[in-house]
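Colleague: One structure is given below, represented as structure tokens, and several questions about it will come after.
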Amino acid sequence: MSNNASDTLQIAAAGLRAQSARMRIIAENLANASSTGRTPDENPYQRQMPVFRAELDRVTGANLVRMSDVRADESDFRMVYEPGHPAANGEGYVRYPNVSSLIELMDMREAQRSYEANMNMVEGTRRMMERTLDLLRR
């Protein structure tokens, strides 16, 4: 396998890992979009956001994407008037997570497309390597 093919596979694999981690975080956000605290003083689930960074692979010299951290979204919680809810404050409002299902679904679609693009790079590289081996056998 040439260095170029190996580098391509390493870069694509790093992208696959990063987008897979991103999709897990998005799925967690969606799963908790309606969860509340149990009491008026307890905060609900707080939206999580992945943080990515480029990392130099010293062996190949290629820049690989890595998820370096997961941070909480500091935006305000949604307030919904539900006076009978156990987590309602004195005015009858319940704090709901700062998760927008629409934003999460758009982020999920973007992550899926990036994942698919990296898979296409892996498949294209694999086909190229197979063709090279076929030519060498002749």
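Here, A, B, ... name the chains of the structure tokens in the order displayed, residue numbers run from 1 inside each chain, and ligands are numbered from 1 in the same displayed order.
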Using DSSP secondary structure from the backbone, list all strand (DSSP E) positions within chain A, as a ChimeraX atom specification.
Modeller: /A:48-56,63-72,78-81,93-96
Colleague: Excluding range 63-77 of chain A and residues on its chain fewer than 2 positions from it, collect all residues at most 9 Å away from it, counting only C-alpha atoms, and give them as a ChimeraX atom specification.
Modeller: /A:10-15,17-19,21-22,25,43-44,46-57,60-61,79,95-99
Colleague: Could you please take those selected residues and save C-alpha atoms as a PDB file, in the first residue's frame?
Modeller:
ATOM      1  CA  GLN A  10      -6.109   7.340   8.016  1.00  0.00           C
ATOM      2  CA  ILE A  11      -7.690  10.716   7.278  1.00  0.00           C
ATOM      3  CA  ALA A  12     -11.007   9.120   6.296  1.00  0.00           C
ATOM      4  CA  ALA A  13     -10.965   6.860   9.381  1.00  0.00           C
ATOM      5  CA  ALA A  14     -10.393   9.873  11.641  1.00  0.00           C
ATOM      6  CA  GLY A  15     -13.337  11.604   9.961  1.00  0.00           C
ATOM      7  CA  ARG A  17     -14.633   8.389  14.175  1.00  0.00           C
ATOM      8  CA  ALA A  18     -15.314  12.108  14.643  1.00  0.00           C
ATOM      9  CA  GLN A  19     -18.691  12.029  12.870  1.00  0.00           C
ATOM     10  CA  ALA A  21     -18.962  10.569  18.048  1.00  0.00           C
ATOM     11  CA  ARG A  22     -20.886  13.636  16.875  1.00  0.00           C
ATOM     12  CA  ILE A  25     -23.931  13.266  21.132  1.00  0.00           C
ATOM     13  CA  ASN A  43     -31.864  21.949  36.228  1.00  0.00           C
ATOM     14  CA  PRO A  44     -32.985  19.860  33.264  1.00  0.00           C
ATOM     15  CA  GLN A  46     -28.251  20.640  29.189  1.00  0.00           C
ATOM     16  CA  ARG A  47     -27.510  20.315  25.476  1.00  0.00           C
ATOM     17  CA  GLN A  48     -24.052  18.918  24.720  1.00  0.00           C
ATOM     18  CA  MET A  49     -21.842  20.033  21.838  1.00  0.00           C
ATOM     19  CA  PRO A  50     -18.760  18.255  20.468  1.00  0.00           C
ATOM     20  CA  VAL A  51     -15.543  20.224  20.055  1.00  0.00           C
ATOM     21  CA  PHE A  52     -13.237  19.174  17.218  1.00  0.00           C
ATOM     22  CA  ARG A  53      -9.628  20.016  16.518  1.00  0.00           C
ATOM     23  CA  ALA A  54      -7.031  19.163  13.922  1.00  0.00           C
ATOM     24  CA  GLU A  55      -4.254  16.937  15.205  1.00  0.00           C
ATOM     25  CA  LEU A  56      -1.013  16.335  13.362  1.00  0.00           C
ATOM     26  CA  ASP A  57      -0.133  12.676  12.852  1.00  0.00           C
ATOM     27  CA  THR A  60       2.344  10.578   8.156  1.00  0.00           C
ATOM     28  CA  GLY A  61       2.392  14.362   8.541  1.00  0.00           C
ATOM     29  CA  MET A  79     -39.617  27.865  30.127  1.00  0.00           C
ATOM     30  CA  ARG A  95     -37.462  24.528  32.853  1.00  0.00           C
ATOM     31  CA  TYR A  96     -36.985  22.297  29.816  1.00  0.00           C
ATOM     32  CA  PRO A  97     -33.678  21.472  28.110  1.00  0.00           C
ATOM     33  CA  ASN A  98     -32.112  23.967  25.718  1.00  0.00           C
ATOM     34  CA  VAL A  99     -32.386  21.369  22.945  1.00  0.00           C
TER      35      VAL A  99
END
Colleague: Based on DSSP run over this structure's backbone, return all residues of range 40-134 of chain A in alpha helix (DSSP H), as an mmCIF file with C-alpha atoms, in the first residue's frame.
Modeller:
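The resulting file, result.cif, is shown below:
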data_model
loop_
_atom_site.group_PDB
_atom_site.id
_atom_site.type_symbol
_atom_site.label_atom_id
_atom_site.label_comp_id
_atom_site.auth_asym_id
_atom_site.auth_seq_id
_atom_site.Cartn_x
_atom_site.Cartn_y
_atom_site.Cartn_z
ATOM 1 C CA SER A 101 -35.100 19.034 17.837
ATOM 2 C CA LEU A 102 -34.962 20.874 14.501
ATOM 3 C CA ILE A 103 -31.361 21.995 15.057
ATOM 4 C CA GLU A 104 -30.362 18.528 16.255
ATOM 5 C CA LEU A 105 -31.943 16.882 13.207
ATOM 6 C CA MET A 106 -30.151 19.313 10.878
ATOM 7 C CA ASP A 107 -26.861 18.622 12.686
ATOM 8 C CA MET A 108 -27.523 14.874 12.430
ATOM 9 C CA ARG A 109 -28.082 15.133 8.682
ATOM 10 C CA GLU A 110 -24.854 17.102 8.269
ATOM 11 C CA ALA A 111 -22.953 14.520 10.341
ATOM 12 C CA GLN A 112 -24.449 11.705 8.242
ATOM 13 C CA ARG A 113 -23.357 13.401 5.024
ATOM 14 C CA SER A 114 -19.836 13.892 6.360
ATOM 15 C CA TYR A 115 -19.758 10.251 7.483
ATOM 16 C CA GLU A 116 -20.913 9.126 4.018
ATOM 17 C CA ALA A 117 -18.264 11.301 2.343
ATOM 18 C CA ASN A 118 -15.551 9.660 4.439
ATOM 19 C CA MET A 119 -16.955 6.198 3.653
ATOM 20 C CA ASN A 120 -16.847 7.068 -0.053
ATOM 21 C CA MET A 121 -13.160 7.981 0.356
ATOM 22 C CA VAL A 122 -12.472 4.606 1.991
ATOM 23 C CA GLU A 123 -14.338 2.739 -0.764
ATOM 24 C CA GLY A 124 -12.673 4.756 -3.532
ATOM 25 C CA THR A 125 -9.235 4.103 -2.058
ATOM 26 C CA ARG A 126 -10.023 0.396 -1.690
ATOM 27 C CA ARG A 127 -11.126 0.167 -5.346
ATOM 28 C CA MET A 128 -8.010 2.019 -6.470
ATOM 29 C CA MET A 129 -5.792 -0.373 -4.515
ATOM 30 C CA GLU A 130 -7.627 -3.406 -5.975
ATOM 31 C CA ARG A 131 -7.154 -2.073 -9.514
ATOM 32 C CA THR A 132 -3.460 -1.471 -8.842
ATOM 33 C CA LEU A 133 -3.045 -5.032 -7.592
ATOM 34 C CA ASP A 134 -4.904 -6.357 -10.660
#
Colleague: Using only C-alpha atoms, which residues sit within 9 Å of Tyr93 in chain A once same-chain residues fewer than 6 positions away are excluded, as a PyMOL selection string?
Modeller: chain A and resi 40+79-83+85+87
Colleague: Write out, as an mmCIF file, in the first residue's frame, the residues just selected, with N, CA and C atoms.
Modeller:
data_model
loop_
_atom_site.group_PDB
_atom_site.id
_atom_site.type_symbol
_atom_site.label_atom_id
_atom_site.label_comp_id
_atom_site.auth_asym_id
_atom_site.auth_seq_id
_atom_site.Cartn_x
_atom_site.Cartn_y
_atom_site.Cartn_z
ATOM 1 N N PRO A 40 -38.345 21.939 41.368
ATOM 2 C CA PRO A 40 -38.185 23.271 40.766
ATOM 3 C C PRO A 40 -36.739 23.774 40.788
ATOM 4 N N MET A 79 -38.681 27.785 29.006
ATOM 5 C CA MET A 79 -39.617 27.865 30.127
ATOM 6 C C MET A 79 -41.024 27.615 29.580
ATOM 7 N N VAL A 80 -41.700 26.628 30.177
ATOM 8 C CA VAL A 80 -43.041 26.250 29.730
ATOM 9 C C VAL A 80 -43.981 26.325 30.934
ATOM 10 N N TYR A 81 -45.132 26.956 30.720
ATOM 11 C CA TYR A 81 -46.110 27.097 31.801
ATOM 12 C C TYR A 81 -46.853 25.788 32.000
ATOM 13 N N GLU A 82 -46.568 25.111 33.102
ATOM 14 C CA GLU A 82 -47.207 23.848 33.473
ATOM 15 C C GLU A 82 -47.341 23.815 34.995
ATOM 16 N N PRO A 83 -48.322 24.532 35.542
ATOM 17 C CA PRO A 83 -48.409 24.677 36.996
ATOM 18 C C PRO A 83 -48.563 23.363 37.771
ATOM 19 N N HIS A 85 -46.998 20.504 37.143
ATOM 20 C CA HIS A 85 -45.796 19.679 37.001
ATOM 21 C C HIS A 85 -44.982 19.719 38.302
ATOM 22 N N ALA A 87 -41.904 19.821 38.737
ATOM 23 C CA ALA A 87 -40.731 20.691 38.631
ATOM 24 C C ALA A 87 -41.109 22.148 38.403
#
Colleague: Please compute the CA of Asp7 in chain A-CA of Leu136 in chain A distance, one decimal, in Å.
Modeller: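 One can read the CA of Asp7 in chain A to CA of Leu136 in chain A distance as 21.3 Å.
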Colleague: Which is closest to Leu30 in chain A among A:Leu9, A:Tyr45, A:Ala88, A:Arg58, if we use only C-alpha atoms?
Modeller: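 Smallest separation from Leu30 in chain A among the options: A:Tyr45.
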